[in-house]
$ cat coords00.txt   # compact mmCIF, C-alpha atoms
# COMPACT_ATOMS: atom_id res chain seq x y z
CA MET R 167 107.71 73.03 75.75
CA PRO R 168 105.88 74.47 78.84
CA MET R 169 107.69 76.48 81.52
CA LYS R 170 108.79 74.74 84.70
CA GLY R 171 107.23 75.32 88.12
CA ARG R 172 103.83 75.73 89.74
CA PHE R 173 102.70 79.07 88.32
CA PRO R 174 105.47 79.86 85.83
CA ILE R 175 103.61 82.96 84.68
CA ARG R 176 105.06 84.63 87.77
CA ARG R 177 108.41 84.41 86.09
CA THR R 178 107.50 86.41 82.97
CA LEU R 179 108.50 90.01 82.39
CA GLU R 180 104.95 90.85 81.39
CA PHE R 181 103.60 89.66 84.76
CA LEU R 182 106.30 91.54 86.67
CA GLN R 183 105.63 94.75 84.78
CA LYS R 184 101.90 94.47 85.48
CA GLY R 185 102.48 95.25 89.15
CA GLU R 186 100.73 98.48 90.10
CA THR R 187 102.17 99.15 93.54
CA VAL R 188 104.91 101.76 93.36
CA PHE R 189 105.88 102.83 96.87
CA LYS R 190 106.34 106.44 97.93
CA LYS R 191 109.90 107.60 98.30
CA SER R 192 109.85 107.38 102.10
CA VAL R 193 109.32 103.60 102.26
CA GLN R 194 112.66 101.88 102.86
CA ILE R 195 111.94 98.39 104.21
CA MET R 196 109.00 96.02 103.91
CA THR R 197 108.70 93.02 106.23
CA VAL R 198 106.17 90.21 105.85
CA ASN R 199 105.50 87.84 108.76
CA TYR R 200 103.36 84.87 107.82
CA ASN R 201 102.79 81.22 108.67
CA THR R 202 103.22 78.23 106.43
CA HIS R 203 100.14 76.42 107.77
CA GLY R 204 96.71 77.62 108.81
CA ASP R 205 93.75 79.11 106.94
CA LEU R 206 94.20 82.60 108.36
CA SER R 207 97.60 82.99 106.73
CA GLU R 208 96.35 81.79 103.33
CA GLY R 209 95.93 85.32 101.98
CA ALA R 210 99.39 86.30 103.19
CA ARG R 211 100.93 83.22 101.60
CA LYS R 212 99.29 83.97 98.25
CA PHE R 213 100.40 87.59 98.56
CA VAL R 214 104.00 86.49 99.04
CA PHE R 215 103.74 83.95 96.23
CA PHE R 216 102.20 86.22 93.58
CA ASN R 217 102.64 89.85 94.48
CA ILE R 218 106.01 90.21 96.18
CA PRO R 219 107.96 89.73 92.90
CA GLN R 220 105.79 92.39 91.27
CA ILE R 221 106.39 94.82 94.12
CA GLN R 222 110.13 94.21 94.17
CA TYR R 223 110.30 94.67 90.39
CA LYS R 224 108.65 98.06 90.59
CA ASN R 225 110.58 99.12 93.71
CA PRO R 226 114.13 97.82 93.29
CA TRP R 227 115.52 99.93 96.17
CA VAL R 228 113.11 98.74 98.86
CA GLN R 229 114.46 95.92 101.05
CA ILE R 230 111.84 93.18 101.37
CA MET R 231 112.24 90.50 104.03
CA MET R 232 110.05 87.50 104.75
CA PHE R 233 109.70 85.82 108.16
CA LYS R 234 107.95 82.49 108.51
CA ASN R 235 106.24 81.03 111.60
CA MET R 236 107.43 83.64 114.07
CA THR R 237 104.06 84.85 115.37
CA PRO R 238 100.60 83.27 115.43
CA SER R 239 99.00 85.96 113.28
CA PRO R 240 100.32 87.28 109.97
CA PHE R 241 101.13 90.95 109.42
CA LEU R 242 103.08 93.36 107.23
CA ARG R 243 105.43 96.00 108.57
CA PHE R 244 106.84 98.97 106.71
CA TYR R 245 109.76 101.05 107.92
CA LEU R 246 109.70 104.60 106.62
CA ASP R 247 112.50 107.09 106.14
CA ASP R 248 111.75 109.17 109.24
CA GLY R 249 111.77 106.17 111.58
CA GLU R 250 108.02 105.66 111.47
CA GLN R 251 106.72 102.08 111.33
CA VAL R 252 103.44 101.07 109.69
CA LEU R 253 101.84 97.83 110.90
CA VAL R 254 99.25 96.14 108.67
CA ASP R 255 97.25 93.22 110.08
CA VAL R 256 96.62 90.69 107.35
CA GLU R 257 94.92 87.84 109.20
CA GLY R 258 92.06 86.30 107.25
CA LYS R 259 92.32 88.76 104.36
CA ASP R 260 92.40 87.80 100.71
CA TYR R 261 95.62 88.51 98.81
CA LYS R 262 93.88 90.93 96.46
CA GLU R 263 92.51 92.86 99.44
CA ILE R 264 96.01 93.05 100.90
CA THR R 265 97.49 94.39 97.65
CA ASN R 266 94.78 97.03 97.31
CA HIS R 267 95.15 98.09 100.93
CA VAL R 268 98.93 98.42 100.65
CA LYS R 269 98.61 100.34 97.40
CA MET R 270 96.11 102.69 99.03
CA ILE R 271 98.18 103.46 102.13
CA LEU R 272 101.73 103.57 100.86
CA GLY R 273 101.63 103.50 97.08
CA LYS R 274 101.86 106.39 94.65
CA SER R 275 98.44 107.27 93.30
CA ASP R 276 97.53 106.73 89.64
CA LYS R 277 97.67 110.47 88.95
CA VAL R 278 101.20 110.77 90.28
CA LEU R 279 102.30 107.75 88.25
CA GLU R 280 100.78 109.19 85.07
CA ALA R 281 102.45 112.54 85.67
CA GLU R 282 105.82 110.80 86.13
CA ALA R 283 105.35 108.75 82.96
CA LEU R 284 104.46 111.92 81.05
CA ALA R 285 107.53 113.73 82.36
CA LYS R 286 109.70 110.81 81.32
CA MET R 287 108.17 110.86 77.83
CA GLU R 288 108.78 114.58 77.51
CA LEU R 289 112.45 114.08 78.25
CA SER R 290 112.87 111.75 75.27
CA ASN R 291 111.51 113.68 72.29
CA PRO R 292 111.31 111.50 69.12
CA ALA R 293 111.86 114.60 67.01
CA ASN R 294 115.48 114.78 68.16
CA PHE R 295 118.29 112.92 66.39
CA GLY R 296 121.60 111.73 67.78
CA PRO R 297 123.55 108.76 69.21
CA LYS R 298 121.50 105.58 69.59
CA LYS R 299 122.09 105.58 73.34
CA TYR R 300 120.09 108.74 73.93
CA PHE R 301 117.83 109.17 70.89
CA LEU R 302 115.62 107.07 68.64
CA ARG R 303 117.30 107.76 65.32
CA GLU R 304 120.69 109.05 64.29
CA CYS R 305 120.00 110.55 60.90
CA PHE R 306 116.91 111.62 59.02
CA SER R 307 117.71 109.08 56.33
CA GLU R 308 116.61 106.33 58.77
CA VAL R 309 112.99 107.46 58.45
CA GLU R 310 110.91 105.46 55.94
CA GLY R 311 110.33 107.33 52.74
CA GLN R 312 113.50 109.41 52.91
CA VAL R 313 116.57 109.09 50.75
CA PRO R 314 118.80 106.44 52.37
CA HIS R 315 122.55 106.70 52.81
CA PRO R 316 124.40 105.72 49.61
CA GLY R 317 126.54 103.40 51.80
CA PHE R 318 123.52 101.09 52.12
CA VAL R 319 121.67 101.61 48.86
CA PRO R 320 123.35 103.12 45.77
CA LEU R 321 121.73 106.37 44.64
CA PRO R 322 119.93 106.42 41.27
CA LYS R 323 122.23 107.70 38.53
CA GLU R 324 120.40 111.02 38.14
CA MET R 325 121.11 112.01 41.77
CA THR R 326 124.85 111.28 41.83
CA GLY R 327 127.18 114.24 41.93
CA LYS R 328 129.37 113.14 39.03
CA TYR R 329 126.41 112.64 36.65
CA ARG R 330 125.09 116.09 37.47
CA ALA R 331 128.54 117.57 37.00
CA LYS R 332 128.80 115.85 33.59
CA LEU R 333 125.34 117.17 32.63
CA ALA R 334 126.24 120.70 33.70
CA ALA R 335 129.57 120.48 31.80
CA GLY R 336 127.72 119.09 28.75
CA SER R 337 125.08 121.87 28.80
CA ASP R 338 127.75 124.54 29.22
CA GLU R 339 129.68 123.58 26.10
CA MET Q 22 136.13 117.83 100.53
CA SER Q 23 134.29 119.15 103.57
CA THR Q 24 130.76 118.31 102.43
CA ARG Q 25 130.22 114.58 102.02
CA GLN Q 26 127.07 112.74 101.07
CA ALA Q 27 125.63 110.02 103.29
CA SER Q 28 128.16 107.24 103.64
CA VAL Q 29 125.75 104.59 102.36
CA HIS Q 30 122.95 104.46 99.86
CA ALA Q 31 120.20 103.06 102.12
CA LYS Q 32 119.32 104.83 105.36
CA TRP Q 33 117.54 101.98 107.10
CA ILE Q 34 118.37 98.28 106.93
CA ILE Q 35 117.00 95.14 108.56
CA GLY Q 36 119.10 92.05 109.14
CA GLN Q 37 119.95 89.15 111.41
CA VAL Q 38 122.86 89.28 113.82
CA ILE Q 39 125.47 86.63 113.08
CA GLY Q 40 128.35 87.65 115.29
CA THR Q 41 128.95 89.61 118.49
CA LYS Q 42 132.57 88.76 119.22
CA MET Q 43 133.74 92.31 118.49
CA LYS Q 44 133.65 94.95 121.17
CA LYS Q 45 130.58 97.17 120.82
CA THR Q 46 130.06 95.95 117.24
CA ALA Q 47 127.56 93.51 115.82
CA LYS Q 48 128.00 91.64 112.56
CA VAL Q 49 124.66 91.71 110.74
CA ARG Q 50 123.66 89.73 107.68
CA VAL Q 51 121.23 91.57 105.40
CA THR Q 52 119.31 89.78 102.64
CA ARG Q 53 117.91 91.55 99.65
CA LEU Q 54 115.83 90.05 96.84
CA VAL Q 55 117.74 90.03 93.55
CA LEU Q 56 116.20 89.02 90.22
CA ASP Q 57 117.98 86.22 88.37
CA PRO Q 58 118.19 87.57 84.79
CA TYR Q 59 117.49 84.26 83.06
CA LEU Q 60 115.03 82.55 85.40
CA LEU Q 61 113.27 85.85 86.27
CA LYS Q 62 112.88 84.67 89.85
CA TYR Q 63 113.87 86.54 93.00
CA TYR Q 64 116.49 85.02 95.28
CA ASN Q 65 117.93 86.25 98.57
CA LYS Q 66 121.37 87.77 98.23
CA ARG Q 67 123.35 88.14 101.44
CA LYS Q 68 125.59 90.96 102.50
CA THR Q 69 127.22 91.47 105.87
CA TYR Q 70 127.29 94.84 107.57
CA PHE Q 71 128.95 95.89 110.79
CA ALA Q 72 126.86 97.94 113.19
CA HIS Q 73 127.84 99.94 116.23
CA ASP Q 74 126.18 98.53 119.34
CA PRO Q 75 127.35 100.59 122.35
CA LEU Q 76 125.50 98.59 125.01
CA GLU Q 77 126.34 95.14 123.56
CA GLN Q 78 122.69 94.12 123.81
CA CYS Q 79 122.58 91.93 120.69
CA THR Q 80 122.78 88.16 120.72
CA ILE Q 81 123.31 85.93 117.71
CA GLY Q 82 120.03 85.37 115.88
CA ASP Q 83 118.32 88.66 116.72
CA VAL Q 84 116.55 90.50 113.94
CA VAL Q 85 117.81 94.02 114.11
CA LEU Q 86 117.03 97.42 112.53
CA LEU Q 87 120.11 99.44 111.59
CA LYS Q 88 120.35 103.13 110.85
CA ALA Q 89 123.03 104.59 108.62
CA LEU Q 90 125.44 106.87 110.45
CA PRO Q 91 125.98 110.35 108.98
CA GLU Q 92 129.72 109.71 108.90
CA LYS Q 93 131.76 106.54 108.81
CA ARG Q 94 132.64 105.44 112.30
CA SER Q 95 135.54 103.32 111.14
CA LYS Q 96 136.71 101.65 107.95
CA HIS Q 97 133.89 99.09 107.93
CA VAL Q 98 131.30 100.36 110.40
CA ASN Q 99 128.77 102.64 108.71
CA HIS Q 100 125.63 101.80 110.66
CA GLU Q 101 124.40 101.83 114.23
CA LEU Q 102 121.82 99.75 116.03
CA ALA Q 103 118.45 101.50 115.92
CA GLU Q 104 116.29 98.83 117.58
CA ILE Q 105 116.09 95.10 118.09
CA VAL Q 106 112.97 94.08 116.16
CA TYR Q 107 112.70 90.42 117.25
CA LYS Q 108 114.90 89.24 120.10
CA VAL Q 109 115.72 85.59 119.77
CA GLY Q 110 113.67 83.50 122.23
CA GLN Q 111 111.65 86.52 123.37
CA VAL Q 112 109.66 87.46 120.29
CA VAL Q 113 106.82 89.86 121.08
CA ASP Q 114 103.79 89.89 118.80
CA PRO Q 115 103.31 93.53 117.74
CA LEU Q 116 99.57 93.12 117.31
CA THR Q 117 98.79 91.93 120.84
CA GLY Q 118 101.96 92.81 122.76
CA LYS Q 119 102.27 89.31 124.22
CA ARG Q 120 105.28 87.03 124.13
CA VAL Q 121 105.08 84.44 121.44
CA ALA Q 122 106.90 81.25 120.40
CA GLY Q 123 106.26 80.22 116.80
CA THR Q 124 102.51 79.93 116.40
CA GLN Q 125 101.78 79.70 120.16
CA TYR Q 126 101.18 82.46 122.63
CA LEU Q 127 103.31 82.13 125.78
CA GLU Q 128 101.20 84.54 127.78
CA PRO Q 129 97.41 84.08 128.02
CA LEU Q 130 95.45 86.47 125.83
CA THR Q 131 92.71 87.22 128.40
CA GLU Q 132 93.82 88.89 131.64
CA SER Q 133 91.33 87.50 134.23
CA THR Q 134 92.56 84.75 136.63
CA GLU Q 135 89.71 84.82 139.25
CA ASP Q 136 87.44 82.57 137.28
CA THR Q 137 89.89 79.66 137.36
CA GLU Q 138 90.39 79.89 141.15
CA VAL Q 139 86.67 79.94 141.97
CA SER Q 140 85.80 77.06 139.71
CA LEU Q 141 88.60 74.97 141.23
CA LYS Q 142 87.19 75.41 144.77
CA GLU Q 143 83.71 74.57 143.62
CA LYS Q 144 84.96 71.47 141.89
CA LEU Q 145 86.78 70.27 145.04
CA GLU Q 146 83.64 70.75 147.14
CA GLN Q 147 81.65 68.79 144.67
CA LEU Q 148 84.03 65.85 144.94
CA ASN Q 149 83.27 65.45 148.66
CA ILE Q 150 86.45 63.72 149.72
CA THR Q 151 86.30 62.66 153.39
CA ALA Q 152 88.51 60.36 155.45
CA SER Q 153 86.87 56.94 155.85
CA THR Q 154 85.74 56.11 159.50
CA THR Q 155 86.40 52.38 159.40
CA PRO Q 156 90.08 51.62 159.24
CA PRO Q 157 91.11 49.13 156.60
CA SER Q 158 91.22 45.57 157.94
CA ALA Q 159 94.74 44.65 158.76
CA SER Q 160 95.63 41.20 157.76
$ encode --input "coords00.txt" --output "structure tokens"
Amino acid sequence: MPMKGRFPIRRTLEFLQKGETVFKKSVQIMTVNYNTHGDLSEGARKFVFFNIPQIQYKNPWVQIMMFKNMTPSPFLRFYLDDGEQVLVDVEGKDYKEITNHVKMILGKSDKVLEAEALAKMELSNPANFGPKKYFLRECFSEVEGQVPHPGFVPLPKEMTGKYRAKLAAGSDE
Amino acid sequence: MSTRQASVHAKWIIGQVIGTKMKKTAKVRVTRLVLDPYLLKYYNKRKTYFAHDPLEQCTIGDVVLLKALPEKRSKHVNHELAEIVYKVGQVVDPLTGKRVAGTQYLEPLTESTEDTEVSLKEKLEQLNITASTTPPSAS
């Protein structure tokens, strides 16, 4: 049963997570002005259709607003934290060019993203054990190859406490 | 508590004015894209904010940039008007600076007007309109 819609791949988590543009902390608002007809706005329309969901997924706290048919030429406008506005002319450009340009001017660079991912990994050390909410495993018995909890799998007779006690009592006498 | 954090989460907000009936206050509707968890599609979610507008310069339909106030002005007003981005009926294209209506420019893009005047005179001379000498025959 295929998915509904024109390009339903846009509505998959994998597609949304593939977005590479993560804005710097100072970007608060992103505004896209484009036209519904005309060849010059084609790139902007494709950008809105394919890339805006990816950008919003990676930047949930940035307000993104779309305006249609307000001006003859399409453009992007970013409003930064200190009141500065960045205007990006998009007329005639291809949607991939637009994404790369935006990533270059206002996105975090690959190095910064890698460093952040590394820091996040360091926080969650798989060698630590504890509640499922914070750690991977709760007890060492959950690791493959270790003795499991007797609540799940009964221990072999030789390892039970009462057998050992009986053996010790038997050897003493 | 003497030290308070900023009264709202977001410092800057863009929205459309929906009401100006209050004194020095504009009612602004702000739309944010929210992901539907099942469809995985983004839809606009509306929220209304009240903004302080001391000069009452907003009309209904303006697109407006709001700035968060450091302290709450009243129970509901946490923002003030920073600038009117697109005034309704008088939208200015930021790339050229000319007034614009939809996909048409209202002002001409090129500044020169002399060319049109000269060519009009030349055209009139070329037409050679003169009053006819013989009066039309009266019946």
$ closest_residue --input "coords00.txt" --among "Q:Leu145, Q:Ile150, Q:Leu116, Q:Val51" --to "Val254 of chain R" --atoms "all atoms listed in the file"
Q:Leu116
$ interface_residues --input "coords00.txt" --of "chain R" --to "chain Q" --cutoff "6 Å" --atoms "all atoms listed in the file" --output "count of residues only"
6
$ closest_residue --input "coords00.txt" --among "Q:Thr80, Q:His73, Q:Met43, Q:Gln111" --to "Arg94 of chain Q" --atoms "only C-alpha atoms"
Q:His73
$ atom_distance --input "coords00.txt" --atom1 "atom CA of Val29 of chain Q" --atom2 "atom CA of Glu250 of chain R"
20.0 Å
$ residues_around --input "coords00.txt" --residues "segment 275-286 of chain R" --least-positions-apart "5" --cutoff "9 Å" --atoms "only C-alpha atoms" --output "count of residues only"
5
$ residues_around --input "coords00.txt" --residues "Val38 of chain Q" --least-positions-apart "3" --cutoff "9 Å" --atoms "only C-alpha atoms" --output "NGL selection string"
:Q and (41 or 47-51 or 79-85)
$ write_last_selection --input "coords00.txt" --atoms "C-alpha atoms" --output "JSON list (two decimals), keeping the file's coordinate frame"
[["chain", "number", "residue", "atom", "x", "y", "z"],
["Q", 41, "THR", "CA", 128.95, 89.61, 118.49],
["Q", 47, "ALA", "CA", 127.56, 93.51, 115.82],
["Q", 48, "LYS", "CA", 128.00, 91.64, 112.56],
["Q", 49, "VAL", "CA", 124.66, 91.71, 110.74],
["Q", 50, "ARG", "CA", 123.66, 89.73, 107.68],
["Q", 51, "VAL", "CA", 121.23, 91.57, 105.40],
["Q", 79, "CYS", "CA", 122.58, 91.93, 120.69],
["Q", 80, "THR", "CA", 122.78, 88.16, 120.72],
["Q", 81, "ILE", "CA", 123.31, 85.93, 117.71],
["Q", 82, "GLY", "CA", 120.03, 85.37, 115.88],
["Q", 83, "ASP", "CA", 118.32, 88.66, 116.72],
["Q", 84, "VAL", "CA", 116.55, 90.50, 113.94],
["Q", 85, "VAL", "CA", 117.81, 94.02, 114.11]]
$ closest_residue --input "coords00.txt" --among "Q:Thr69, Q:Glu77, Q:Asp57, Q:Pro91" --to "Lys44 of chain Q" --atoms "all atoms listed in the file"
Q:Glu77
$ atom_distance --input "coords00.txt" --atom1 "atom CA of Met169 of chain R" --atom2 "atom CA of Phe216 of chain R"
16.4 Å
$ atom_distance --input "coords00.txt" --atom1 "atom CA of Asp205 of chain R" --atom2 "atom CA of Lys259 of chain R"
10.1 Å
$ residues_around --input "coords00.txt" --residues "Ser95 of chain Q" --least-positions-apart "2" --cutoff "12 Å" --atoms "all atoms listed in the file" --output "list of chain:residue names"
Q:Ser28, Q:Thr46, Q:Phe71, Q:Ala72, Q:His73, Q:Leu90, Q:Glu92, Q:Lys93, Q:His97, Q:Val98, Q:Asn99, Q:His100, Q:Glu101
$ write_last_selection --input "coords00.txt" --atoms "C-alpha atoms" --output "mmCIF file, in the frame of the given file"
data_model
loop_
_atom_site.group_PDB
_atom_site.id
_atom_site.type_symbol
_atom_site.label_atom_id
_atom_site.label_comp_id
_atom_site.auth_asym_id
_atom_site.auth_seq_id
_atom_site.Cartn_x
_atom_site.Cartn_y
_atom_site.Cartn_z
ATOM 1 C CA SER Q 28 128.160 107.240 103.640
ATOM 2 C CA THR Q 46 130.060 95.950 117.240
ATOM 3 C CA PHE Q 71 128.950 95.890 110.790
ATOM 4 C CA ALA Q 72 126.860 97.940 113.190
ATOM 5 C CA HIS Q 73 127.840 99.940 116.230
ATOM 6 C CA LEU Q 90 125.440 106.870 110.450
ATOM 7 C CA GLU Q 92 129.720 109.710 108.900
ATOM 8 C CA LYS Q 93 131.760 106.540 108.810
ATOM 9 C CA HIS Q 97 133.890 99.090 107.930
ATOM 10 C CA VAL Q 98 131.300 100.360 110.400
ATOM 11 C CA ASN Q 99 128.770 102.640 108.710
ATOM 12 C CA HIS Q 100 125.630 101.800 110.660
ATOM 13 C CA GLU Q 101 124.400 101.830 114.230
#
